[in-house]
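A.B. asks: So that we are looking at the same thing, I have put the structure below in structure tokens.
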Amino acid sequence: MSRRCFVRSLAMVSCQDPLTEAWAEEPRSFDTGYVRAAEPDTRGLILPSEARRMSRILKRAVATSLTALNTSGIEHPDAIITGTGMGCIENSEKFLIDLSKFGESCLKPTLFMQSTHNTISSLIAIILKCHGYNNTYSHKGISFESALLDAWIQIRGGMLRNALVGSHDEVTPFLALVMDRTHPDYSMISETSVSSMLTCSESADNRCEITDVRILNRPDIGEVAALLSKDEDDLLILGTNGNRLNDALYDELLGKLDFAPRTMGYKHLFGENFSSPAAAFVMGATMLGKGEAARVTIINHSDGSAWSVVRLKAVTPCGS
């Protein structure tokens, strides 16, 4: 018999107020195409001497991870699993700029060491002194779902009791320009850092249960529609952003359903980046934890080629 997988705690940094759920009651609104994340107050979480050596994305990742861990009541996670589309892109840019200016003879080693994608998971593990399973997924717009799928399978299979699962992406001004020019389907570009504690343990503190995680590579839209049913998927959170190039695929999916689900968007609140689906995960879990819904299904596509379906439901006693 497989175990169940619950979301115990969540923490998010985005263009909304950081490390709070104020977005659910009084969300910020934006009238620009590019908004950077609101930086969290890391005092009490990260020593100032350590924070000075961290880039923005690392401070956000550590802040959300420690907040989620402290809220969960779990001392050490069995695993740290991270999704990131671009990794520590700001440090990568700085390193490459220095390389072009000064050659190979006078480079800052810190920028190089903190420029790789797996720097995020590694740094969190060092701070937590966590020597367990540590993995990073970098699969563009389904990086978060890839990390979530890994944790979900291992927890349900009994290989892990719990896991710290996160997704983190920063968008520099240069990257925002590239995204705008190469992907006209992006409406509001922003940044996302989300950390969540998943566990197999039942508790009144659990936010919701993860009942299904699926990733499909280059499916026919009909294949995605065939996974959805009226009983399980009456509320869909979709990655719509108001641009027809992006939204047409979601419209096509809805047109193939034999029922009419309720739908919600989230990118108007949190913006667009490779980790933005993690914000939808926070939205769904928050709604379920507050009793605003019984089930939530999150559907996302990355450039129309990869699709993901994540099902969440309100916590019910074992055996229900």
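Each chain of the structure tokens is named A, B, ... in the order shown, its residues numbered from 1; ligands are numbered from 1 in display order.
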Using only C-alpha atoms, which residues sit within 9 Å of Ser2 (chain A) once same-chain residues fewer than 6 positions away are excluded, as JSON, numbers by chain?

C.D. replies: {"A": [155, 156, 157, 158]}

A.B. asks: Output as a PyMOL selection string all residues of region 82-165 of chain A that backbone DSSP marks as helix (DSSP H, G or I).

C.D. replies: chain A and resi 89-102+109-113+119-128+140-156

A.B. asks: How many Å lie between CA of Gln114 (chain A) and CA of Gly141 (chain A), rounded to one decimal?

C.D. replies: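 Spanning CA of Gln114 (chain A) to CA of Gly141 (chain A) is a straight-line distance of 22.0 Å.
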
A.B. asks: Env of Arg262 (chain A): 8 Å cut, atoms = only C-alpha atoms, seq-sep filter 4 positions within chain, self excluded. Answer as a ChimeraX atom specification.

C.D. replies: /A:234-236

A.B. asks: With only C-alpha atoms as the basis for distance, which of A:Ser190, A:Gly271, A:Glu209, A:Phe259 is at the shortest distance from Gly284 (chain A)?

C.D. replies: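 Closest to Gly284 (chain A), using only C-alpha atoms: A:Glu209.
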
A.B. asks: Tell me, which residues of region 148-296 of chain A carry DSSP strand (DSSP E or B), written as a PyMOL selection string?

C.D. replies: chain A and resi 162-169+189+192-199+208-217+235-238+262-264+272+295-296

A.B. asks: Those residues with N, CA, C and O atoms, as a short mmCIF file (atom, residue, chain, number, x, y, z; two decimals), in the first residue's frame please?

C.D. replies:
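Written file, out23.cif:
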```
data_model
loop_
_atom_site.label_atom_id
_atom_site.label_comp_id
_atom_site.auth_asym_id
_atom_site.auth_seq_id
_atom_site.Cartn_x
_atom_site.Cartn_y
_atom_site.Cartn_z
N ASN A 162 9.98 12.59 4.29
CA ASN A 162 9.65 13.98 4.00
C ASN A 162 10.68 14.54 3.03
O ASN A 162 11.74 13.94 2.82
N ALA A 163 10.39 15.68 2.47
CA ALA A 163 11.32 16.33 1.53
C ALA A 163 11.06 17.82 1.48
O ALA A 163 9.91 18.27 1.54
N LEU A 164 12.14 18.57 1.38
CA LEU A 164 12.07 20.02 1.17
C LEU A 164 12.14 20.26 -0.33
O LEU A 164 13.17 20.04 -0.96
N VAL A 165 11.01 20.65 -0.91
CA VAL A 165 10.92 20.82 -2.36
C VAL A 165 10.76 22.30 -2.68
O VAL A 165 9.87 22.97 -2.12
N GLY A 166 11.60 22.80 -3.56
CA GLY A 166 11.53 24.22 -3.90
C GLY A 166 11.71 24.47 -5.37
O GLY A 166 12.11 23.58 -6.14
N SER A 167 11.40 25.68 -5.78
CA SER A 167 11.65 26.12 -7.15
C SER A 167 11.99 27.59 -7.11
O SER A 167 11.26 28.39 -6.50
N HIS A 168 13.09 27.96 -7.77
CA HIS A 168 13.63 29.31 -7.62
C HIS A 168 14.16 29.82 -8.95
O HIS A 168 14.98 29.14 -9.60
N ASP A 169 13.70 31.00 -9.36
CA ASP A 169 14.22 31.63 -10.57
C ASP A 169 14.26 33.13 -10.40
O ASP A 169 13.30 33.74 -9.90
N ILE A 189 6.63 39.75 -16.68
CA ILE A 189 7.79 38.94 -16.29
C ILE A 189 8.17 39.30 -14.87
O ILE A 189 8.25 40.48 -14.51
N THR A 192 10.28 34.26 -8.94
CA THR A 192 9.58 33.38 -8.00
C THR A 192 10.57 32.55 -7.21
O THR A 192 11.52 32.00 -7.78
N SER A 193 10.33 32.44 -5.93
CA SER A 193 11.08 31.53 -5.08
C SER A 193 10.09 30.89 -4.11
O SER A 193 9.47 31.58 -3.29
N VAL A 194 9.93 29.58 -4.21
CA VAL A 194 8.97 28.85 -3.38
C VAL A 194 9.66 27.66 -2.73
O VAL A 194 10.43 26.94 -3.40
N SER A 195 9.39 27.43 -1.47
CA SER A 195 9.85 26.24 -0.78
C SER A 195 8.67 25.61 -0.06
O SER A 195 7.81 26.31 0.49
N SER A 196 8.63 24.26 -0.06
CA SER A 196 7.54 23.55 0.60
C SER A 196 8.08 22.31 1.28
O SER A 196 9.01 21.67 0.79
N MET A 197 7.50 21.99 2.43
CA MET A 197 7.83 20.75 3.13
C MET A 197 6.74 19.74 2.84
O MET A 197 5.57 19.98 3.14
N LEU A 198 7.13 18.63 2.24
CA LEU A 198 6.21 17.53 1.97
C LEU A 198 6.48 16.41 2.96
O LEU A 198 7.64 16.16 3.33
N THR A 199 5.45 15.71 3.38
CA THR A 199 5.61 14.66 4.38
C THR A 199 4.58 13.56 4.17
O THR A 199 3.51 13.80 3.58
N CYS A 208 -2.61 20.45 2.68
CA CYS A 208 -3.41 19.71 1.71
C CYS A 208 -2.68 18.43 1.38
O CYS A 208 -1.58 18.16 1.89
N GLU A 209 -3.28 17.62 0.52
CA GLU A 209 -2.67 16.38 0.07
C GLU A 209 -2.40 16.45 -1.43
O GLU A 209 -3.21 16.98 -2.20
N ILE A 210 -1.26 15.92 -1.85
CA ILE A 210 -0.94 15.82 -3.28
C ILE A 210 -1.38 14.43 -3.74
O ILE A 210 -0.84 13.42 -3.28
N THR A 211 -2.36 14.37 -4.60
CA THR A 211 -2.91 13.07 -5.02
C THR A 211 -2.38 12.61 -6.36
O THR A 211 -2.45 11.41 -6.67
N ASP A 212 -1.85 13.52 -7.18
CA ASP A 212 -1.37 13.10 -8.49
C ASP A 212 -0.41 14.15 -9.05
O ASP A 212 -0.64 15.35 -8.90
N VAL A 213 0.67 13.68 -9.67
CA VAL A 213 1.60 14.55 -10.39
C VAL A 213 1.96 13.85 -11.69
O VAL A 213 2.45 12.72 -11.67
N ARG A 214 1.72 14.50 -12.81
CA ARG A 214 2.02 13.91 -14.11
C ARG A 214 2.71 14.93 -15.00
O ARG A 214 2.36 16.11 -14.99
N ILE A 215 3.67 14.43 -15.78
CA ILE A 215 4.36 15.25 -16.78
C ILE A 215 4.26 14.52 -18.11
O ILE A 215 4.56 13.33 -18.20
N LEU A 216 3.84 15.24 -19.14
CA LEU A 216 3.68 14.66 -20.47
C LEU A 216 4.57 15.41 -21.45
O LEU A 216 4.57 16.65 -21.47
N ASN A 217 5.31 14.68 -22.26
CA ASN A 217 6.21 15.27 -23.24
C ASN A 217 5.57 15.25 -24.63
O ASN A 217 5.24 14.19 -25.16
N LEU A 235 -12.10 22.39 -10.48
CA LEU A 235 -11.46 23.70 -10.37
C LEU A 235 -10.05 23.60 -10.94
O LEU A 235 -9.21 22.87 -10.41
N LEU A 236 -9.78 24.32 -12.01
CA LEU A 236 -8.48 24.29 -12.67
C LEU A 236 -7.76 25.61 -12.48
O LEU A 236 -8.34 26.67 -12.68
N ILE A 237 -6.48 25.54 -12.10
CA ILE A 237 -5.61 26.71 -12.08
C ILE A 237 -4.73 26.60 -13.30
O ILE A 237 -3.93 25.66 -13.44
N LEU A 238 -4.87 27.54 -14.22
CA LEU A 238 -4.20 27.48 -15.51
C LEU A 238 -3.14 28.56 -15.63
O LEU A 238 -3.24 29.63 -15.03
N ARG A 262 -14.57 25.16 -13.40
CA ARG A 262 -14.20 26.52 -13.02
C ARG A 262 -12.71 26.70 -13.30
O ARG A 262 -11.92 25.77 -13.14
N THR A 263 -12.29 27.88 -13.71
CA THR A 263 -10.89 28.12 -14.01
C THR A 263 -10.39 29.39 -13.31
O THR A 263 -11.16 30.33 -13.08
N MET A 264 -9.11 29.38 -12.99
CA MET A 264 -8.45 30.52 -12.37
C MET A 264 -7.08 30.71 -13.00
O MET A 264 -6.46 29.75 -13.47
N GLU A 272 5.57 35.95 -14.80
CA GLU A 272 6.01 34.84 -15.63
C GLU A 272 7.51 34.60 -15.48
O GLU A 272 8.31 35.52 -15.55
N ARG A 295 -10.94 20.46 -3.97
CA ARG A 295 -9.94 19.91 -4.89
C ARG A 295 -9.46 21.01 -5.82
O ARG A 295 -10.22 21.89 -6.21
N VAL A 296 -8.20 20.93 -6.19
CA VAL A 296 -7.62 21.88 -7.13
C VAL A 296 -6.71 21.11 -8.08
O VAL A 296 -5.93 20.25 -7.65
#
```
